[in-house]
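Here is the file query17.csv (CSV, C-alpha atoms).
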```
chain,number,residue,atom,x,y,z
E,336,MET,CA,104.0,47.8,109.6
E,337,THR,CA,107.7,46.9,110.0
E,338,ILE,CA,110.2,48.9,112.2
E,339,ALA,CA,111.9,50.2,109.0
E,340,ALA,CA,108.6,51.4,107.5
E,341,GLN,CA,107.7,53.1,110.8
E,342,GLN,CA,111.1,54.9,110.9
E,343,LYS,CA,110.7,55.9,107.3
E,344,SER,CA,107.2,57.3,107.9
E,345,THR,CA,108.3,59.2,111.0
E,346,ALA,CA,111.3,60.7,109.1
E,347,LEU,CA,109.0,61.7,106.3
E,348,LYS,CA,106.5,63.4,108.7
E,349,ALA,CA,109.4,65.2,110.4
E,350,ILE,CA,110.8,66.5,107.1
E,351,SER,CA,107.3,67.6,105.9
E,352,THR,CA,106.6,69.4,109.2
E,353,ALA,CA,110.0,71.1,109.1
E,354,PHE,CA,109.4,72.2,105.5
E,355,VAL,CA,105.9,73.6,106.3
E,356,VAL,CA,107.3,75.5,109.4
E,357,LEU,CA,110.1,76.9,107.3
E,358,TRP,CA,107.7,78.0,104.5
E,359,VAL,CA,105.3,79.6,107.1
E,360,VAL,CA,108.3,81.5,108.6
E,361,VAL,CA,109.6,82.7,105.2
E,362,ALA,CA,106.1,83.7,104.0
E,363,ALA,CA,105.1,85.5,107.2
E,364,PHE,CA,108.4,87.2,107.9
E,365,PRO,CA,108.0,90.2,105.5
E,366,PHE,CA,104.6,91.1,107.0
E,367,LEU,CA,105.7,90.6,110.6
E,368,TRP,CA,108.8,92.7,110.0
E,369,THR,CA,106.7,95.5,108.5
E,370,LEU,CA,104.2,95.2,111.3
E,371,TRP,CA,106.9,95.6,113.9
E,372,GLY,CA,108.6,98.4,112.0
E,373,SER,CA,105.4,100.4,111.6
E,374,PHE,CA,105.6,101.2,115.3
E,375,LYS,CA,109.1,102.7,114.9
E,376,VAL,CA,110.5,105.9,113.4
E,377,GLU,CA,112.0,106.0,109.9
E,378,SER,CA,115.6,106.2,111.2
E,379,ASP,CA,115.1,102.9,113.0
E,380,PHE,CA,113.2,101.0,110.3
E,381,PHE,CA,115.6,102.0,107.6
E,382,SER,CA,118.7,102.3,109.8
E,383,LYS,CA,122.0,102.0,107.8
E,384,ALA,CA,124.2,102.0,110.9
E,385,ASP,CA,122.7,98.9,112.6
E,386,TRP,CA,119.7,97.0,111.3
E,387,ARG,CA,119.0,95.8,114.9
E,388,ASN,CA,117.9,99.3,115.8
E,389,VAL,CA,114.5,98.4,114.6
E,390,LEU,CA,114.3,95.6,117.1
E,391,TRP,CA,115.0,97.7,120.1
E,392,GLY,CA,113.6,101.1,118.8
E,393,THR,CA,116.9,103.0,119.6
E,394,ARG,CA,116.1,106.1,117.6
E,395,THR,CA,112.3,105.8,118.4
E,396,ALA,CA,113.0,106.0,122.1
E,397,ILE,CA,115.2,109.1,121.6
E,398,GLU,CA,112.8,110.9,119.3
E,399,THR,CA,109.5,110.0,121.0
E,400,GLY,CA,110.4,108.9,124.5
E,401,ALA,CA,109.2,105.3,124.0
E,402,SER,CA,110.3,102.2,122.1
E,403,PHE,CA,107.0,102.2,120.2
E,404,THR,CA,105.1,105.0,118.5
E,405,LEU,CA,101.8,105.4,116.7
E,406,ASN,CA,103.0,108.4,114.7
E,407,GLY,CA,102.9,106.5,111.5
E,408,TYR,CA,99.3,105.5,112.0
E,409,GLU,CA,98.2,108.9,113.2
E,410,GLY,CA,99.9,110.6,110.3
E,411,ALA,CA,98.3,108.2,107.7
E,412,TRP,CA,94.8,107.9,109.1
E,413,ILE,CA,94.3,111.4,110.5
E,414,GLU,CA,96.7,113.8,108.9
E,415,GLU,CA,96.4,112.3,105.4
E,416,ASP,CA,92.8,111.0,105.7
E,417,PHE,CA,93.7,107.4,104.8
E,418,TRP,CA,90.3,106.5,106.2
E,419,VAL,CA,88.7,108.2,103.2
E,420,SER,CA,90.7,105.9,100.9
E,421,VAL,CA,89.6,102.9,103.0
E,422,LEU,CA,86.0,103.9,102.5
E,423,ASN,CA,86.4,104.4,98.8
E,424,THR,CA,88.1,101.0,98.5
E,425,SER,CA,85.2,99.4,100.4
E,426,ILE,CA,82.6,100.9,98.0
E,427,VAL,CA,84.6,99.9,94.9
E,428,VAL,CA,85.1,96.3,96.2
E,429,VAL,CA,81.5,95.7,97.3
E,430,PHE,CA,80.0,96.9,94.0
E,431,THR,CA,82.6,95.2,91.9
E,432,VAL,CA,82.2,91.8,93.6
E,433,ALA,CA,78.4,92.1,93.6
E,434,ILE,CA,78.0,93.0,90.0
E,435,SER,CA,80.7,90.5,88.8
E,436,LEU,CA,79.2,87.6,90.7
E,437,THR,CA,75.6,88.4,89.5
E,438,LEU,CA,76.6,88.6,85.9
E,439,GLY,CA,79.1,85.8,86.1
E,440,THR,CA,76.6,83.5,87.9
E,441,LEU,CA,73.9,84.0,85.3
E,442,GLY,CA,76.3,83.9,82.3
E,443,GLY,CA,78.3,80.9,83.6
E,444,TYR,CA,75.1,78.9,84.2
E,445,ALA,CA,73.7,79.8,80.8
E,446,LEU,CA,77.0,78.8,79.0
E,447,ALA,CA,77.4,75.6,81.1
E,448,ARG,CA,73.9,74.4,80.2
E,449,SER,CA,74.0,75.6,76.6
E,450,GLY,CA,74.4,72.9,73.9
E,451,TYR,CA,75.4,75.4,71.2
E,452,ARG,CA,79.0,75.9,69.9
E,453,TYR,CA,78.8,79.6,70.4
E,454,ALA,CA,79.2,79.0,74.2
E,455,PHE,CA,82.8,77.8,73.5
E,456,TRP,CA,83.7,80.7,71.4
E,457,LEU,CA,82.2,83.2,73.9
E,458,LEU,CA,84.5,81.7,76.5
E,459,MET,CA,87.5,81.9,74.2
E,460,ILE,CA,86.8,85.6,73.5
E,461,ALA,CA,86.5,86.2,77.2
E,462,LEU,CA,89.8,84.5,77.8
E,463,VAL,CA,91.5,86.7,75.2
E,464,PHE,CA,90.2,89.8,77.0
E,465,ARG,CA,91.3,88.4,80.4
E,466,ALA,CA,94.8,87.9,79.0
E,467,MET,CA,95.2,91.5,77.8
E,468,PRO,CA,97.1,93.9,80.1
E,469,HIS,CA,94.9,96.1,82.2
E,470,ILE,CA,96.6,99.3,80.9
E,471,THR,CA,95.5,98.3,77.3
E,472,LEU,CA,91.8,98.2,78.3
E,473,VAL,CA,92.0,101.3,80.5
E,474,SER,CA,93.5,103.4,77.8
E,475,GLY,CA,90.5,102.7,75.6
E,476,TYR,CA,88.1,104.1,78.2
E,477,LEU,CA,90.0,107.3,79.0
E,478,LEU,CA,88.8,109.4,76.0
E,479,PRO,CA,85.1,108.7,76.3
E,480,PHE,CA,85.2,109.2,80.1
E,481,PHE,CA,86.8,112.6,79.6
E,482,GLU,CA,84.3,113.6,77.0
E,483,TRP,CA,81.3,112.4,79.1
E,484,ASN,CA,82.8,114.2,82.1
E,485,ILE,CA,82.7,111.0,84.3
E,486,TRP,CA,86.4,110.6,84.9
E,487,GLY,CA,87.5,110.6,88.5
E,488,TYR,CA,84.4,109.1,90.1
E,489,LEU,CA,84.0,105.8,91.8
E,490,PRO,CA,81.3,104.4,89.5
E,491,THR,CA,83.7,104.9,86.6
E,492,ALA,CA,86.3,102.7,88.2
E,493,ILE,CA,83.7,100.1,89.2
E,494,ILE,CA,82.5,99.8,85.6
E,495,VAL,CA,86.1,99.2,84.3
E,496,LEU,CA,87.0,96.7,87.1
E,497,VAL,CA,83.8,94.7,86.4
E,498,ALA,CA,84.7,94.7,82.7
E,499,ILE,CA,88.2,93.4,83.5
E,500,ASN,CA,87.0,90.9,86.1
E,501,GLN,CA,84.0,89.5,84.2
E,502,PRO,CA,85.9,87.1,81.9
E,503,PHE,CA,87.7,85.5,84.9
E,504,THR,CA,84.4,85.3,86.9
E,505,LEU,CA,82.7,83.8,83.8
E,506,TRP,CA,85.3,81.1,83.4
E,507,MET,CA,85.5,80.2,87.1
E,508,LEU,CA,81.7,79.9,87.6
E,509,HIS,CA,81.3,78.1,84.2
E,510,SER,CA,83.7,75.5,85.5
E,511,PHE,CA,81.8,75.1,88.8
E,512,PHE,CA,78.4,74.8,87.1
E,513,GLN,CA,79.8,72.1,84.8
E,514,SER,CA,80.8,70.1,87.9
E,515,VAL,CA,77.1,70.1,89.0
E,516,PRO,CA,75.2,67.3,87.3
E,517,LYS,CA,72.4,68.4,84.8
E,518,ASP,CA,70.2,65.8,86.4
E,519,LEU,CA,69.5,68.2,89.3
E,520,ASP,CA,68.1,70.8,86.9
E,521,GLU,CA,66.0,68.2,85.1
E,522,SER,CA,64.7,66.7,88.3
E,523,ALA,CA,63.6,70.1,89.6
E,524,MET,CA,61.9,71.0,86.4
E,525,VAL,CA,60.1,67.6,86.3
E,526,ASP,CA,58.8,68.4,89.8
E,527,GLY,CA,57.3,71.7,88.5
E,528,CYS,CA,60.1,74.2,88.8
E,529,THR,CA,60.8,76.7,86.0
E,530,ARG,CA,64.4,77.0,84.8
E,531,PHE,CA,65.0,80.0,87.0
E,532,GLN,CA,63.5,78.3,90.1
E,533,ALA,CA,65.6,75.3,89.5
E,534,PHE,CA,68.6,77.5,89.3
E,535,ARG,CA,67.7,79.5,92.4
E,536,TYR,CA,66.5,76.8,94.7
E,537,VAL,CA,68.5,73.7,93.6
E,538,ILE,CA,71.7,74.7,91.9
E,539,MET,CA,72.7,77.8,93.9
E,540,PRO,CA,72.7,76.0,97.3
E,541,VAL,CA,75.1,73.5,95.8
E,542,MET,CA,77.2,76.2,94.3
E,543,TRP,CA,78.0,78.2,97.4
E,544,PRO,CA,81.6,77.0,97.8
E,545,GLY,CA,82.4,78.0,94.2
E,546,LEU,CA,80.6,81.3,94.6
E,547,VAL,CA,82.7,82.1,97.7
E,548,THR,CA,85.9,81.2,96.0
E,549,THR,CA,85.1,83.3,92.9
E,550,GLY,CA,83.9,86.1,95.0
E,551,LEU,CA,87.2,86.1,97.0
E,552,PHE,CA,89.3,86.3,93.8
E,553,SER,CA,87.1,89.1,92.5
E,554,PHE,CA,87.6,90.9,95.9
E,555,LEU,CA,91.4,90.6,95.6
E,556,LEU,CA,91.3,92.0,92.1
E,557,ALA,CA,89.4,95.1,93.1
E,558,TYR,CA,91.1,95.4,96.5
E,559,ASN,CA,94.7,95.3,95.2
E,560,ASP,CA,94.2,97.1,91.9
E,561,PHE,CA,96.5,100.0,91.2
E,562,THR,CA,96.4,100.6,87.4
E,563,VAL,CA,92.7,101.2,87.0
E,564,THR,CA,92.1,103.2,90.2
E,565,ALA,CA,95.3,105.3,89.7
E,566,LEU,CA,94.3,106.3,86.1
E,567,LEU,CA,90.6,106.7,86.5
E,568,LEU,CA,90.1,108.2,90.0
E,569,SER,CA,90.8,111.8,91.1
E,570,GLN,CA,92.9,112.5,94.1
E,571,GLU,CA,89.8,113.1,96.3
E,572,ASN,CA,88.5,109.6,95.4
E,573,GLN,CA,91.7,107.6,95.6
E,574,THR,CA,91.5,104.0,96.9
E,575,MET,CA,94.1,102.6,99.3
E,576,VAL,CA,96.8,101.3,96.9
E,577,PRO,CA,97.3,104.6,95.0
E,578,LYS,CA,97.0,106.5,98.3
E,579,ILE,CA,99.9,104.4,99.8
E,580,ALA,CA,102.0,105.1,96.7
E,581,SER,CA,101.4,108.9,97.2
E,582,PHE,CA,102.8,108.6,100.7
E,583,LEU,CA,106.2,107.7,99.2
E,584,GLY,CA,106.4,111.1,97.4
E,585,SER,CA,108.3,111.6,94.2
E,586,THR,CA,111.5,113.1,92.9
E,587,TYR,CA,110.0,116.6,93.2
E,588,GLU,CA,107.9,116.2,96.4
E,589,PRO,CA,109.0,114.7,99.7
E,590,GLY,CA,106.9,111.9,101.2
E,591,ASN,CA,106.6,110.1,104.5
E,592,VAL,CA,107.7,106.5,104.3
E,593,MET,CA,106.4,105.6,107.7
E,594,PHE,CA,102.9,106.7,106.7
E,595,ALA,CA,103.2,104.2,103.8
E,596,VAL,CA,104.5,101.5,106.1
E,597,SER,CA,101.6,102.0,108.5
E,598,ALA,CA,99.1,102.1,105.7
E,599,VAL,CA,100.4,98.9,104.2
E,600,VAL,CA,99.9,97.1,107.5
E,601,SER,CA,96.4,98.5,107.7
E,602,ALA,CA,95.6,97.3,104.2
E,603,THR,CA,97.1,93.9,104.6
E,604,ALA,CA,95.7,92.9,107.9
E,605,PRO,CA,92.1,92.5,106.6
E,606,LEU,CA,93.3,90.1,103.9
E,607,PHE,CA,94.8,87.8,106.5
E,608,ILE,CA,91.6,87.8,108.5
E,609,LEU,CA,89.5,87.2,105.3
E,610,ILE,CA,91.6,84.2,104.2
E,611,LEU,CA,91.6,82.6,107.6
E,612,PHE,CA,87.8,83.1,107.9
E,613,PHE,CA,87.0,81.6,104.4
E,614,GLN,CA,89.8,79.1,104.1
E,615,ARG,CA,87.6,76.1,104.3
E,616,GLN,CA,85.2,77.4,101.7
E,617,ILE,CA,88.1,78.3,99.4
E,618,VAL,CA,89.6,74.8,99.5
E,619,SER,CA,86.2,73.1,99.0
E,620,GLY,CA,85.4,75.5,96.2
E,621,LEU,CA,88.6,74.9,94.3
E,622,THR,CA,88.3,71.2,94.8
E,623,ALA,CA,84.7,71.2,93.6
E,624,GLY,CA,85.7,73.2,90.5
E,625,ALA,CA,88.3,70.6,89.6
E,626,VAL,CA,85.9,67.6,89.6
E,627,LYS,CA,83.1,66.9,87.2
E,628,GLY,CA,80.1,64.7,87.6
```

What does this structure look like when you write it as structure tokens?
Amino acid sequence: MTIAAQQKSTALKAISTAFVVLWVVVAAFPFLWTLWGSFKVESDFFSKADWRNVLWGTRTAIETGASFTLNGYEGAWIEEDFWVSVLNTSIVVVFTVAISLTLGTLGGYALARSGYRYAFWLLMIALVFRAMPHITLVSGYLLPFFEWNIWGYLPTAIIVLVAINQPFTLWMLHSFFQSVPKDLDESAMVDGCTRFQAFRYVIMPVMWPGLVTTGLFSFLLAYNDFTVTALLLSQENQTMVPKIASFLGSTYEPGNVMFAVSAVVSATAPLFILILFFQRQIVSGLTAGAVKG
């Protein structure tokens, strides 16, 4: 390699590194700023006199006697029972992901291995439902849920979230199954396996990266949902996102913004941990779904 080529390569690496560092700083800044501000009082975090007050905790020290305070977290988790919303969210997420992956795995495998044209049209219909706004689907469920007296309960929201999430799960897993050669199924059945045994013992071990990727996206849909949970759950069964919105109050009722800020940090932190823990599986899963054969 010539000196000019080495200098060009070094400059390109420096520019790429600088761009990545800048992107990380810009992407992480809102969360880090909110995390820092969650330990301050509202008059510091939303200071109109001097934005630097949030850095030093000027008003926080005057009001609480220290530059940092846990009043926001205590108010959200203890006074307003945010832990109940966390528990409700966990229940909704676990069942939504489990049911969606079970149905999506079986359906995706069946459609990927089917030689009939109806498989294509079923996927097209699923895509149409996936493209519809969530509020359109939820509004159709409201009347029967009220008539059957099942509105406001967690299983009701889980049913609707699974219905909304299923087309996406079906498409994702169908794509992953298509990337797995059919020869694996046929070889397993030649060796004496039934279709289900070939699916369970041969195909599924190969499919784990795709299953993790699809499960993560299903998790994010249920975890971050506002429309379905806000419309279908009672106040006692609220999940985290509607609960955070209630901390902000309304035109008629005062709220506590710092409760919302602390709750936002509490709800966002697990997502960072989850992404960091599964990042390798996510990348390998997305790559596997993009290649056939």

Test item: residues at most 10 Å from stretch 399-414 of chain E, all atoms listed in the file, excluding those fewer than 6 positions along its chain, as a list in words: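 The contact residues come out as Trp371, Gly372, Ser373, Phe374, Lys375, Val376, Glu377, Val389, Leu390, Trp391, Gly392, Thr393, Ser420, Val421, Lys578, Ile579, Phe582, Asn591, Val592, Met593, Phe594, Ala595, Val596, Ser597, Ala598, Val600 and Ser601 of chain E.
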
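Counting only C-alpha atoms, stretch 458-466 of chain E has the following residues at most 10 Å away, ignoring those fewer than 3 positions along the same chain: Gly443, Leu446, Tyr453, Ala454, Phe455, His469, Leu472, Ala498, Ile499, Asn500, Gln501, Pro502, Phe503, Thr504, Leu505, Trp506 and His509 of chain E.
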
Coordinates-based distance that separates atom CA of E:Thr603 from atom CA of E:Val361 (Å, one decimal):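 Between atom CA of E:Val361 and atom CA of E:Thr603 the gap is 16.8 Å.
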
Between atom CA of E:Ile350 and atom CA of E:Ala363 - distance in Å to one decimal: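 Atom-to-atom, atom CA of E:Ala363 and atom CA of E:Ile350 are spaced 19.8 Å apart.
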
Straight-line distance linking atom CA of E:Ala447 with atom CA of E:Thr471, stated in Å to one decimal: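 Rounded to one decimal, the two atoms are 29.3 Å apart.
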
Determine, for each residue of stretch 491-512 of chain E having at least one atom at most 8 Å from an atom of stretch 544-549 of chain E, the closest pair of atoms and their separation in Å to one decimal, counting only C-alpha atoms; order by chain and ascending number, as a tab-separated table.
```
residue	atom	partner	partner_atom	distance
E:Thr504	CA	E:Thr549	CA	6.4
E:Met507	CA	E:Thr549	CA	6.6
E:Leu508	CA	E:Gly545	CA	6.9
E:Phe511	CA	E:Gly545	CA	6.2
```

Option closest in space to E:Phe561, from E:Phe381, E:Gln573, E:Pro490, E:Met542 [counting only C-alpha atoms]: E:Gln573

Distance query 7 Å from (89.9, 110.9, 88.3) using all atoms listed in the file, result as a ChimeraX atom specification: /E:486-488,566-570

Residue nearest E:Glu571 among E:Glu398, E:Glu415, E:Glu521, E:Asp526 (counting only C-alpha atoms): E:Glu415

Nearest residue to E:Leu441 from the set E:Arg530, E:Arg387, E:Arg394, E:Lys517 (distances using all atoms listed in the file):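 Once distances to E:Leu441 are computed over all atoms listed in the file, the minimum belongs to E:Arg530.
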
Minimum-distance residue to E:Phe417, chosen among E:Gln614, E:Ser581, E:Ser378, E:Ser435 (using only C-alpha atoms):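 For E:Phe417, the nearest of the given residues is E:Ser581.
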
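Between E:Arg535 and the candidates E:Phe481, E:Phe552, E:Trp456, E:Tyr444, the tightest atom-to-atom separation, counting all atoms listed in the file, involves E:Tyr444.
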